[in-house]
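Asks: There's a structure below that I have some questions on.
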Amino acid sequence: MNYDGLDPGLTEYTQGLHPVLDSSLESALDPTLDPHLGPALLQNVELDPDGMPLEAIQVPDSVHIMEGVYSELHTVVSEVGVPVSAVHFDLQEELLWVGSHGGHATSFFGPTLPALDRYSSFQVHSSDDIRQIQSLENGIMFLAKNNLKCCTRGGLTMFDYPMDETADMHCLILTENNTLLLGGLQNYITEFDLNAVQETQKFSVEVPGVAIMRQSSRFLFCGHTSGKVSLRDLRTLNPEQEFDAYSGSLSDFDVHGNLLVTCGFSSRMNGLACDRFLMVYDLRMMRAITPLQVHIDPLFLRFIPTYTSRLAIISQTGQCQFCEPTGLANPADIFDIFHMNSVGQLVMAFDVSSSKQALVFGDSEGCVHLWADSPNISFNDYSRELEFALPCIVDSFPHLDWNQDLMPLSVTPMPLTSEPLLSDWPSALCVPSPRRAPPVDPETLRTMKQVGFIGYAPNPRTKLRNQVPYRLKDAESEFDSNSQVPESPIGREEEPHFFMVPKKYRKVTIKYSKLGLEDFDFKHYNKTLFAGLEPHIPNAYCNCIIQVLYFMEPIRCLVQNHLCQKEFCLACELGFLFHMLDLSRGDPCQASNFLRAFRTIPEASALGLILADLDEAMRKVNLGQLIQSWNCFILTQLHQETQEQEAPQAYRGVGSSVFGCAGDSVISQLFGCEIENCSMCRCGKETVRVSSNLLFTLHYPESTNGDKTIREWDFADILKRSICLEMNTQAWCENCEKYQPTVQTRNVRCLPDVLAINCEVNSIKKAEFWKAQAEYACKKAVKKEDTEMPKPRENNPSEWEELCGDDGFYFSTSIEELKNVWVPYSVKMKLGKNKELEVTSCSETDELCLVEEEEGVYIYDLFGTVAHILDPRTGGNLVAHIKIGETYHQRKEGVTHQQWYLFNDFLIEPVDKHESVQFELNWKVPALLYYARRGYYAKYNLSIKNPIEASVLLAEASLARKQRKCHATFIPLMLSEMPQPGELVGLDAEFVTLNQEEAELRSDGTKSTIKPSQMSVARITCVRGQGQNEGVPFIDDYISTQEQVVDYLTQYSGIKPGDLDAKISSKHLTTLKSTYLKLRFLIDIGVKFVGHGLQKDFRVINLLVPKDQVIDTVYLFHIPRKRMISLRFLAWHFLDLKIQSETHDSIEDARTALQLYRKYLELSKNGREPDKFRKVLKGLYEKGRKLDWKVPDPDGENQSSPKSTPSFADVIGL
């Protein structure tokens, strides 16, 4: 609410929106009293010697209510002497909420009772006033100056969200999808997600900010203190229109239908004066119409649409006038002025109930005045029942009839006794002991024949029908065996040792429904704004390392600046994937194109990194060893691909990358470590060669013969032994001219910026060594905690100050956090003068002194770990713990802090730092560790320059040998035709199937999708969306594929066998990367894509397109909670076109989608008349149901579309 131009005395209660207001009331106050209390507030109030009010204000009795005329029904005191700052009618229950200037909230119930009764009363904020109240389904929102709080209706806090201390919030509005918009006297509007309880984004507005917000079905209306009202798009919040209502300031406005009415202040005589002309605007023509003159000084106004569009205007002194805003006020309106009995106080807040039967006023003395148009009113049309606190009721025991034999003994009341009862069984006998189903008979398994996923076998007749002998002891022995998986699928669900894996670490799977992924709730697994990766793609076991590489800022910038002409380049595909992760706001992405390129690299196949089948292969392979091999492969591959900076690096006119130089790469700068390998033969011949390592593998000491005890080792010592490795092996000696035992030693010449370590825990012996070292480290840490933790004496509490530091109290670490921890959070590394390496463990808080810096000591901090989760049910999975830095949080969430997160495919969850180094070897095995030199990224260029230029859209040669110009189906763009931001482009894509869908039938006959079919894009078409050549395609690419196609889906795609083969195809054949770059360029420049079902198209192409750049006709012509309509039926119904008669053609589909969008704009008047368009949609659904959503045949009865019928023309003319 804007209080400019009000009584100057009110500036003491509510912070003024302008500093020019007079404060002359101060001199009139008694200096012995609180300066916030005016003389009028003290009438009828008796003060005790301490100045506190003893009695409430005497309010007059309610007057007689005349039906249809608003009159005062009740008056109640909220807080004596404390002004009311906000009032609100609850939208769910019959409650009236009042917020005071002192931050206190009170609710009242009982509008039909003789008086309003208090329902709840609690303190919301300690000092700031409550500026707006908003009711929700399960709570109440309270907005203060820089705080947003949600409480239950009883007063329990649901969340308390502090905002920026510089913020000055004044208004909030609830939008769809549990989202709030918050505005105030700052240059932005904040979007707040109620599900995640966090700010999602900020939208810029002009200074001095937004004081009032309203919304309609089309616009968000923002009232500014400068006297202007701006209209913004509800989805993007982009400004659409602006009205300059008053020269001074704006006090209130309201919207109903096509009318916008405002009241405010005008600048007169170097001050602000209340303007008695209400400005009225017609939202259809977007212009002002005749102003409405009123007889009072307007401060509040609200539409009260009952039989007519009445408008209630409220003055500061309590006058209320009702009038019609559709015409000029006539002299008879003077009789529609009513006076509120406020005992000389000023109106501070006003609201109207949703039923329009009640009005409420809050004044400056803490009184609340309820007006109604009838004695029996309700605040809402359909309110739920209020829940009251129940009094303590002593239950009476029911009458027991001893004559009934079936009367249970448990209902007999028992006296309290200290003696044991017969029913008190020992606890050992009360432990539930689940029984497993016995295994399937081996003879049944041997003779079973499998059809699909169902097995059939003859009855071996070894047991009676429906009777299986159960041996309890054998079952218990099998129950305790962790190494054996039961053969019976029934028993697998009940293994208790399977559930020792915490839920967040288990393998996550996507549940597919009839709608595919549309109704799968990814937000349940990821409440952050970081993007996960989907796991259903073959070879997606590498998702965890992809996330680790993404959160290394130099690598993220490197691959996004990289672009080359190689068709299958992992650096290019990784850059495209990282671009999608940058754009995503918590929605998962998929690495399908990256893994497609990965499968084509011969080195990956030679190393055994490509799994033949997702499920079967993952059960046969050791994921821990596999991911360590993949880590070595990807670092080597990226190093090779990014160090080529010569001409092949450029892509059709694109310059070389800004990183590195010839023969070098950022990968080698980050991970590279120059190694000196020395081989010493026993003959004395020494051979030295120099190489470079990108990662190191831990080598554990071997136990001596007969010694089963494992002695204690520090992790830093193991790391030093592994880097500076010394081993005995057979090697060729040129001096001896034969293989001889040699001693090989390895020394480092320089230290890398990032230390990548393969843990190599691939045997029981190594796992036992790791477990033993973790136990040693735990005992040492517990002992250190006990000795270093100071204990204050009971009689001297001041000694607690010794426990307090700069960051607060130092509490001892719990034992659970110290268990299974051997890896340090930081290590110090130093190369001596003789290139001798020194490695020591240290704390995260340790800093280098000046002497250490001069000696070349570096601190390496742990920032990422990858673990192998052992789960016999699913074959296991891989997870990553990553410490995300300030730059990523600033980019995604607008905050600067560091936090450890768990990445389990599309499950992302913040975790405590100790979880990243806790490895319980029974189910969590370490695989990879990443240490980064502190401040290493400062020497790297972290800027990103988009390497995709307009040249990708120019004409290019086809891969097909038989393709001729006469076969061309498109005209490439000229330089003068390059699309501009906001221009339309029609898009359609066709696909082929690489792998069929895997599904199972449930016992109730329904089908459950286990793994969806793997699709590959086969044809992409883009047509011009405007200009003289509108509808002419400029891209019509057939995508060449090297993978085996299972089904060409010719009936739906129009793709025939041979169209994708470069040897025999006559189409314009290109690579997927070439066409992908074209679409990426169109997205980056800001074009809007028009198509039908674009969500699936972009998903298969593996593109992330901002929602405001997608116009999908499947949603334009759709009523919520009803079926989607096919493009063929829409084209017949609205355009009188018969398409897709025999097969699909992407050019025809893209043109038709463009025409449908033009028709949508025509029917909805460019979106300004949604009600009329909704009637058109209802007619569409009625017609579809009659025809069973099938386009009639030409020989049928319904030969013509509704477009040519008179009824359709009448609908258009509405």
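In the structure tokens, chains take the letters A, B, ... in the order shown, each chain's residues start at 1, and ligands count up from 1 in the order shown.
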Quick one: residues within 7 Å of Ile377 in chain A, only C-alpha atoms counted, chain neighbours fewer than 6 positions away excluded, as a PyMOL selection string?
Replies: chain A and resi 111-112+357
Asks: Report as a PyMOL selection string: the residues of range 723-882 of chain A with a DSSP assignment of strand (DSSP E), based on the backbone of this structure.
Replies: chain A and resi 726-733+738-748+754-758+804-805+808-809+826-831+837-842+857-869+877-882
Asks: List as a compact mmCIF listing (two decimals) with N, CA, C and O atoms, in the first residue's frame the protein and nucleic acid residues near range 1094-1100 of chain A, meaning an atom at most 12 Å away when only C-alpha atoms are counted, but skip any in the same chain fewer than 2 places from it.
Replies:
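As a result, part_4.txt now contains:
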# COMPACT_ATOMS: atom_id res chain seq x y z
N LEU A 515 2.34 -41.34 -20.67
CA LEU A 515 2.80 -40.06 -21.17
C LEU A 515 4.33 -39.98 -21.26
O LEU A 515 4.87 -38.91 -21.50
N GLY A 516 5.01 -41.09 -21.05
CA GLY A 516 6.47 -41.07 -21.10
C GLY A 516 7.04 -40.45 -19.84
O GLY A 516 6.82 -40.93 -18.73
N LEU A 517 7.77 -39.36 -20.03
CA LEU A 517 8.43 -38.68 -18.91
C LEU A 517 7.68 -37.45 -18.44
O LEU A 517 8.12 -36.79 -17.51
N GLU A 518 6.55 -37.11 -19.08
CA GLU A 518 5.88 -35.85 -18.77
C GLU A 518 5.37 -35.81 -17.34
O GLU A 518 5.37 -34.75 -16.71
N GLU A 534 20.39 -38.18 -17.05
CA GLU A 534 19.52 -39.35 -17.10
C GLU A 534 20.34 -40.61 -17.31
O GLU A 534 21.30 -40.62 -18.09
N ILE A 537 20.40 -44.26 -20.84
CA ILE A 537 21.12 -44.38 -22.10
C ILE A 537 22.25 -45.39 -21.93
O ILE A 537 22.89 -45.44 -20.88
N MET A 580 24.11 -27.14 -22.15
CA MET A 580 22.77 -27.48 -21.65
C MET A 580 22.74 -27.48 -20.13
O MET A 580 21.76 -27.04 -19.52
N PRO A 588 16.69 -32.39 -15.54
CA PRO A 588 17.80 -33.26 -15.95
C PRO A 588 18.09 -33.15 -17.44
O PRO A 588 17.20 -32.87 -18.25
N CYS A 589 19.33 -33.38 -17.81
CA CYS A 589 19.75 -33.43 -19.21
C CYS A 589 20.18 -34.87 -19.51
O CYS A 589 20.29 -35.71 -18.62
N GLN A 590 20.41 -35.14 -20.78
CA GLN A 590 20.88 -36.46 -21.16
C GLN A 590 22.09 -36.31 -22.08
O GLN A 590 22.14 -35.39 -22.89
N ALA A 591 23.04 -37.22 -21.93
CA ALA A 591 24.29 -37.16 -22.69
C ALA A 591 24.22 -38.09 -23.89
O ALA A 591 25.21 -38.76 -24.22
N SER A 592 23.11 -38.12 -24.59
CA SER A 592 22.93 -39.08 -25.67
C SER A 592 23.88 -38.81 -26.83
O SER A 592 24.50 -39.74 -27.36
N ASN A 593 24.03 -37.56 -27.26
CA ASN A 593 24.94 -37.27 -28.37
C ASN A 593 26.39 -37.50 -27.97
O ASN A 593 27.20 -37.97 -28.78
N GLY A 986 9.62 -22.47 -38.54
CA GLY A 986 8.88 -23.72 -38.42
C GLY A 986 9.84 -24.90 -38.37
O GLY A 986 10.80 -24.97 -39.14
N LEU A 987 9.58 -25.84 -37.47
CA LEU A 987 10.50 -26.96 -37.25
C LEU A 987 9.73 -28.26 -37.14
O LEU A 987 8.66 -28.31 -36.53
N ASP A 988 10.30 -29.31 -37.74
CA ASP A 988 9.77 -30.65 -37.56
C ASP A 988 10.92 -31.63 -37.74
O ASP A 988 11.87 -31.37 -38.49
N ALA A 989 10.86 -32.75 -37.04
CA ALA A 989 11.91 -33.75 -37.10
C ALA A 989 11.27 -35.13 -37.19
O ALA A 989 10.17 -35.37 -36.69
N GLU A 990 11.98 -36.04 -37.85
CA GLU A 990 11.55 -37.43 -37.96
C GLU A 990 12.65 -38.32 -37.38
O GLU A 990 13.83 -37.98 -37.41
N PHE A 991 12.23 -39.48 -36.87
CA PHE A 991 13.16 -40.33 -36.12
C PHE A 991 13.07 -41.77 -36.59
O PHE A 991 12.07 -42.19 -37.19
N VAL A 992 14.13 -42.52 -36.29
CA VAL A 992 14.15 -43.97 -36.49
C VAL A 992 14.50 -44.61 -35.15
O VAL A 992 14.98 -43.94 -34.23
N THR A 993 14.26 -45.91 -35.03
CA THR A 993 14.46 -46.63 -33.78
C THR A 993 15.75 -47.44 -33.86
O THR A 993 15.96 -48.20 -34.81
N SER A 1013 12.26 -47.19 -25.89
CA SER A 1013 12.98 -47.40 -27.13
C SER A 1013 13.99 -46.28 -27.34
O SER A 1013 13.75 -45.13 -26.98
N GLN A 1014 15.13 -46.65 -27.90
CA GLN A 1014 16.17 -45.66 -28.17
C GLN A 1014 15.97 -45.11 -29.57
O GLN A 1014 16.04 -45.85 -30.55
N MET A 1015 15.71 -43.82 -29.65
CA MET A 1015 15.43 -43.17 -30.93
C MET A 1015 16.66 -42.40 -31.40
O MET A 1015 17.50 -41.98 -30.61
N SER A 1016 16.75 -42.21 -32.71
CA SER A 1016 17.81 -41.40 -33.31
C SER A 1016 17.17 -40.50 -34.36
O SER A 1016 16.29 -40.94 -35.12
N VAL A 1017 17.59 -39.25 -34.39
CA VAL A 1017 17.02 -38.30 -35.34
C VAL A 1017 17.48 -38.68 -36.75
O VAL A 1017 18.66 -39.01 -36.98
N ALA A 1018 16.55 -38.68 -37.69
CA ALA A 1018 16.85 -39.06 -39.07
C ALA A 1018 16.66 -37.92 -40.05
O ALA A 1018 17.29 -37.90 -41.12
N ARG A 1019 15.81 -36.96 -39.73
CA ARG A 1019 15.56 -35.85 -40.66
C ARG A 1019 15.12 -34.64 -39.85
O ARG A 1019 14.31 -34.75 -38.94
N ILE A 1020 15.68 -33.49 -40.16
CA ILE A 1020 15.34 -32.23 -39.51
C ILE A 1020 15.04 -31.20 -40.59
O ILE A 1020 15.82 -31.02 -41.52
N THR A 1021 13.89 -30.53 -40.44
CA THR A 1021 13.46 -29.53 -41.42
C THR A 1021 13.13 -28.23 -40.70
O THR A 1021 12.44 -28.24 -39.68
N LEU A 1072 25.06 -35.49 -37.95
CA LEU A 1072 24.25 -34.94 -36.87
C LEU A 1072 24.89 -33.68 -36.29
O LEU A 1072 24.20 -32.72 -35.95
N TYR A 1076 23.16 -30.13 -35.90
CA TYR A 1076 23.07 -29.67 -34.51
C TYR A 1076 23.59 -28.24 -34.37
O TYR A 1076 23.01 -27.41 -33.68
N LEU A 1079 21.00 -25.71 -35.57
CA LEU A 1079 19.94 -25.45 -34.60
C LEU A 1079 20.47 -24.68 -33.40
O LEU A 1079 19.79 -23.80 -32.86
N ARG A 1080 21.69 -24.98 -32.96
CA ARG A 1080 22.28 -24.25 -31.84
C ARG A 1080 22.44 -22.77 -32.18
O ARG A 1080 22.20 -21.89 -31.35
N ILE A 1083 19.07 -21.14 -31.94
CA ILE A 1083 18.67 -20.95 -30.54
C ILE A 1083 19.43 -19.80 -29.92
O ILE A 1083 18.86 -18.96 -29.21
N LYS A 1088 12.24 -18.02 -32.50
CA LYS A 1088 11.16 -18.78 -31.88
C LYS A 1088 10.76 -19.92 -32.80
O LYS A 1088 10.43 -19.70 -33.96
N PHE A 1089 10.80 -21.15 -32.27
CA PHE A 1089 10.48 -22.33 -33.06
C PHE A 1089 8.99 -22.63 -32.94
O PHE A 1089 8.43 -22.66 -31.84
N VAL A 1090 8.37 -22.87 -34.08
CA VAL A 1090 6.96 -23.24 -34.13
C VAL A 1090 6.87 -24.66 -34.67
O VAL A 1090 7.46 -24.98 -35.70
N GLY A 1091 6.17 -25.52 -33.95
CA GLY A 1091 6.04 -26.90 -34.39
C GLY A 1091 4.97 -27.61 -33.58
O GLY A 1091 4.31 -27.02 -32.72
N HIS A 1092 4.84 -28.91 -33.83
CA HIS A 1092 3.83 -29.73 -33.15
C HIS A 1092 4.57 -30.86 -32.43
O HIS A 1092 5.19 -31.72 -33.05
N ASN A 1102 18.62 -33.83 -28.51
CA ASN A 1102 19.49 -33.52 -27.38
C ASN A 1102 19.81 -32.03 -27.36
O ASN A 1102 20.97 -31.62 -27.29
N LEU A 1103 18.76 -31.22 -27.40
CA LEU A 1103 18.89 -29.77 -27.34
C LEU A 1103 18.04 -29.26 -26.18
O LEU A 1103 16.96 -29.78 -25.92
N LEU A 1104 18.54 -28.23 -25.52
CA LEU A 1104 17.78 -27.55 -24.47
C LEU A 1104 17.43 -26.16 -24.99
O LEU A 1104 18.32 -25.34 -25.22
N VAL A 1105 16.14 -25.92 -25.18
CA VAL A 1105 15.67 -24.65 -25.74
C VAL A 1105 14.89 -23.92 -24.66
O VAL A 1105 14.02 -24.51 -24.01
N PRO A 1106 15.19 -22.64 -24.42
CA PRO A 1106 14.40 -21.87 -23.44
C PRO A 1106 12.92 -21.90 -23.79
O PRO A 1106 12.52 -21.92 -24.96
N LYS A 1107 12.08 -21.95 -22.76
CA LYS A 1107 10.63 -22.09 -22.98
C LYS A 1107 10.04 -20.94 -23.76
O LYS A 1107 9.07 -21.13 -24.51
N GLN A 1109 11.22 -19.56 -26.25
CA GLN A 1109 11.57 -19.68 -27.66
C GLN A 1109 10.86 -20.85 -28.32
O GLN A 1109 11.21 -21.21 -29.44
N VAL A 1110 9.89 -21.44 -27.65
CA VAL A 1110 9.17 -22.59 -28.19
C VAL A 1110 7.69 -22.26 -28.25
O VAL A 1110 7.09 -21.87 -27.24
N ILE A 1111 7.10 -22.40 -29.41
CA ILE A 1111 5.66 -22.26 -29.61
C ILE A 1111 5.16 -23.60 -30.13
O ILE A 1111 5.37 -23.95 -31.28
N ASP A 1112 4.53 -24.36 -29.26
CA ASP A 1112 4.11 -25.72 -29.58
C ASP A 1112 2.61 -25.73 -29.79
O ASP A 1112 1.83 -25.45 -28.88
N THR A 1113 2.18 -26.06 -31.01
CA THR A 1113 0.75 -26.05 -31.32
C THR A 1113 -0.01 -27.14 -30.58
O THR A 1113 -1.22 -27.07 -30.44
N VAL A 1114 0.71 -28.16 -30.10
CA VAL A 1114 0.01 -29.21 -29.36
C VAL A 1114 -0.52 -28.67 -28.03
O VAL A 1114 -1.50 -29.18 -27.48
N TYR A 1115 0.10 -27.61 -27.50
CA TYR A 1115 -0.37 -26.99 -26.26
C TYR A 1115 -1.24 -25.77 -26.55
O TYR A 1115 -2.08 -25.41 -25.71
N LEU A 1127 -1.70 -33.33 -35.17
CA LEU A 1127 -1.55 -32.27 -36.17
C LEU A 1127 -2.49 -32.50 -37.35
O LEU A 1127 -3.03 -31.54 -37.92
N SER A 1146 8.18 -34.01 -43.19
CA SER A 1146 8.53 -32.99 -42.21
C SER A 1146 8.33 -31.58 -42.76
O SER A 1146 8.01 -30.65 -42.01
N ASP A 1149 4.62 -30.93 -42.42
CA ASP A 1149 4.25 -30.76 -41.02
C ASP A 1149 4.72 -29.42 -40.47
O ASP A 1149 4.00 -28.76 -39.70
N ALA A 1150 5.92 -28.97 -40.83
CA ALA A 1150 6.43 -27.68 -40.34
C ALA A 1150 5.60 -26.52 -40.89
O ALA A 1150 5.27 -25.57 -40.18
N ALA A 1153 2.21 -26.46 -39.08
CA ALA A 1153 2.31 -25.90 -37.74
C ALA A 1153 2.38 -24.38 -37.78
O ALA A 1153 1.77 -23.70 -36.94
Asks: Assign secondary structure with DSSP using the backbone only, and return the residues of range 594-792 of chain A in helix (DSSP H, G or I) as JSON, numbers by chain.
Replies: {"A": [594, 595, 596, 597, 598, 599, 602, 603, 604, 605, 606, 614, 615, 616, 617, 618, 619, 620, 623, 624, 625, 626, 627, 628, 629, 630, 631, 632, 633, 634, 635, 636, 637, 638, 639, 640, 641, 642, 647, 648, 649, 666, 667, 668, 669, 670, 671, 715, 716, 717, 718, 719, 720, 721, 722, 723, 764, 765, 766, 767, 768, 769, 770, 771, 772, 773, 774, 775, 776, 777, 778, 779, 780, 781, 782, 783, 784, 785, 786, 787, 788]}
Asks: Quick one: everything within 6 Å of range 87-93 of chain A, counting only C-alpha atoms, minus sequence neighbours fewer than 6 positions away in the same chain. Send it as a list in words.
Replies: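 Near range 87-93 of chain A, the qualifying residues are Ser135, Ser353, Ser383 and Arg384 of chain A.
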Asks: Need the shell around Lys1183 in chain A: protein/DNA/RNA residues with any atom at most 10 Å away, counting only C-alpha atoms. Skip same-chain ones fewer than 5 positions apart. Format as a list in words?
Replies: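 Within the cut-off, the hits are His1133, Leu1177, Lys1178, Asp1188, Trp1189 and Pro1202 of chain A.
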Asks: List as CSV every residue of range 874-969 of chain A that is in contact with range 192-208 of chain A, defined as an atom at most 9 Å from one of its atoms (using only C-alpha atoms), together with the nearest atom pair and the distance in Å rounded to one decimal, sorted by chain and then rising number.
Replies:
residue,atom,partner,partner_atom,distance
A:Lys892,CA,A:Thr200,CA,8.6
A:Glu893,CA,A:Thr200,CA,6.7
A:Gly894,CA,A:Gln201,CA,8.0
Asks: Could you write out the selected residues, including all heavy atoms, as a PDB file, in the first residue's frame?
Replies:
ATOM      1  N   LYS A 892      23.875 -20.090 -10.614  1.00  0.00           N
ATOM      2  CA  LYS A 892      22.611 -20.818 -10.565  1.00  0.00           C
ATOM      3  C   LYS A 892      21.641 -20.238  -9.550  1.00  0.00           C
ATOM      4  O   LYS A 892      20.448 -20.107  -9.835  1.00  0.00           O
ATOM      5  CB  LYS A 892      22.876 -22.288 -10.219  1.00  0.00           C
ATOM      6  CG  LYS A 892      23.504 -23.094 -11.341  1.00  0.00           C
ATOM      7  CD  LYS A 892      22.500 -23.422 -12.419  1.00  0.00           C
ATOM      8  CE  LYS A 892      23.092 -24.360 -13.455  1.00  0.00           C
ATOM      9  NZ  LYS A 892      22.130 -24.692 -14.523  1.00  0.00           N
ATOM     10  N   GLU A 893      22.127 -19.902  -8.354  1.00  0.00           N
ATOM     11  CA  GLU A 893      21.225 -19.552  -7.264  1.00  0.00           C
ATOM     12  C   GLU A 893      21.393 -18.126  -6.781  1.00  0.00           C
ATOM     13  O   GLU A 893      20.640 -17.682  -5.916  1.00  0.00           O
ATOM     14  CB  GLU A 893      21.446 -20.515  -6.084  1.00  0.00           C
ATOM     15  CG  GLU A 893      21.182 -21.979  -6.444  1.00  0.00           C
ATOM     16  CD  GLU A 893      21.458 -22.918  -5.289  1.00  0.00           C
ATOM     17  OE1 GLU A 893      22.073 -22.468  -4.314  1.00  0.00           O
ATOM     18  OE2 GLU A 893      21.053 -24.091  -5.369  1.00  0.00           O
ATOM     19  N   GLY A 894      22.376 -17.408  -7.307  1.00  0.00           N
ATOM     20  CA  GLY A 894      22.563 -16.024  -6.898  1.00  0.00           C
ATOM     21  C   GLY A 894      23.156 -15.860  -5.517  1.00  0.00           C
ATOM     22  O   GLY A 894      23.056 -14.793  -4.926  1.00  0.00           O
TER      23      GLY A 894
END
Asks: Return the single residue from A:Glu94, A:Asp160, A:Glu79, A:Asp1145 that is closest to Gln1051 in chain A, with distances computed using only C-alpha atoms.
Replies: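 For Gln1051 in chain A, the nearest of the candidates is A:Asp1145.
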Asks: Would you kindly return, as a short mmCIF file (atom, residue, chain, number, x, y, z; two decimals) with N, CA and C atoms, in the first residue's frame, each protein, DNA or RNA residue with an atom no farther than 10 Å from any atom of Ser1141 in chain A, considering only C-alpha atoms and excluding same-chain residues fewer than 2 positions away?
Replies:
data_model
loop_
_atom_site.label_atom_id
_atom_site.label_comp_id
_atom_site.auth_asym_id
_atom_site.auth_seq_id
_atom_site.Cartn_x
_atom_site.Cartn_y
_atom_site.Cartn_z
N GLN A 1051 5.99 -45.45 -41.85
CA GLN A 1051 4.61 -44.96 -41.84
C GLN A 1051 4.49 -43.63 -41.13
N ARG A 1128 -2.72 -33.73 -37.70
CA ARG A 1128 -3.58 -34.04 -38.85
C ARG A 1128 -5.02 -33.58 -38.60
N LYS A 1138 -5.79 -31.81 -45.79
CA LYS A 1138 -5.63 -33.24 -45.58
C LYS A 1138 -4.13 -33.56 -45.67
N ILE A 1139 -3.51 -33.80 -44.51
CA ILE A 1139 -2.09 -34.09 -44.48
C ILE A 1139 -1.87 -35.48 -43.90
N THR A 1143 1.96 -41.12 -45.52
CA THR A 1143 3.14 -41.07 -44.66
C THR A 1143 3.37 -39.63 -44.22
N HIS A 1144 4.32 -39.43 -43.37
CA HIS A 1144 4.61 -38.10 -42.85
C HIS A 1144 5.70 -37.44 -43.69
N VAL A 1191 -9.91 -38.17 -38.99
CA VAL A 1191 -10.28 -37.29 -40.11
C VAL A 1191 -11.16 -38.08 -41.06
#
Asks: Quick one: of A:Asn834, A:Val879, A:Lys708, A:Leu464, who's nearest to Gly624 in chain A, counting only C-alpha atoms?
Replies: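 Ranked by minimum distance to Gly624 in chain A, first place goes to A:Val879.
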Asks: Please measure the separation of CA of Val911 in chain A and CA of Asp521 in chain A, giving the value in Å to one decimal.
Replies: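 CA of Asp521 in chain A lies at a distance of 21.4 Å from CA of Val911 in chain A.
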Asks: Please provide the set of residues having any atom within 6 Å of Pro981 in chain A, restricted to only C-alpha atoms, with same-chain residues fewer than 6 positions apart removed, written as a compact mmCIF listing (two decimals) with N, CA, C and O atoms, in the first residue's frame.
Replies:
# COMPACT_ATOMS: atom_id res chain seq x y z
N ILE A 1085 20.73 -17.14 -31.25
CA ILE A 1085 20.36 -15.77 -31.68
C ILE A 1085 18.95 -15.40 -31.25
O ILE A 1085 18.56 -14.24 -31.37
N GLY A 1086 18.16 -16.37 -30.73
CA GLY A 1086 16.88 -16.03 -30.14
C GLY A 1086 15.67 -16.19 -31.02
O GLY A 1086 14.65 -15.52 -30.79
N VAL A 1087 15.70 -17.06 -32.05
CA VAL A 1087 14.50 -17.27 -32.87
C VAL A 1087 13.48 -18.06 -32.07
O VAL A 1087 13.80 -18.72 -31.07
Asks: Nearest to Met279 in chain A among A:Gly257, A:Gly586, A:Gly110, A:Pro325, with distances taken over only C-alpha atoms: which residue is it?
Replies: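 Of all the options, A:Pro325 lies closest to Met279 in chain A.
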Asks: Please indicate the distance in Å from CA of Ala867 in chain A to CA of Pro926 in chain A, rounded to one decimal place.
Replies: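 According to the coordinates, CA of Ala867 in chain A and CA of Pro926 in chain A are separated by 4.5 Å.
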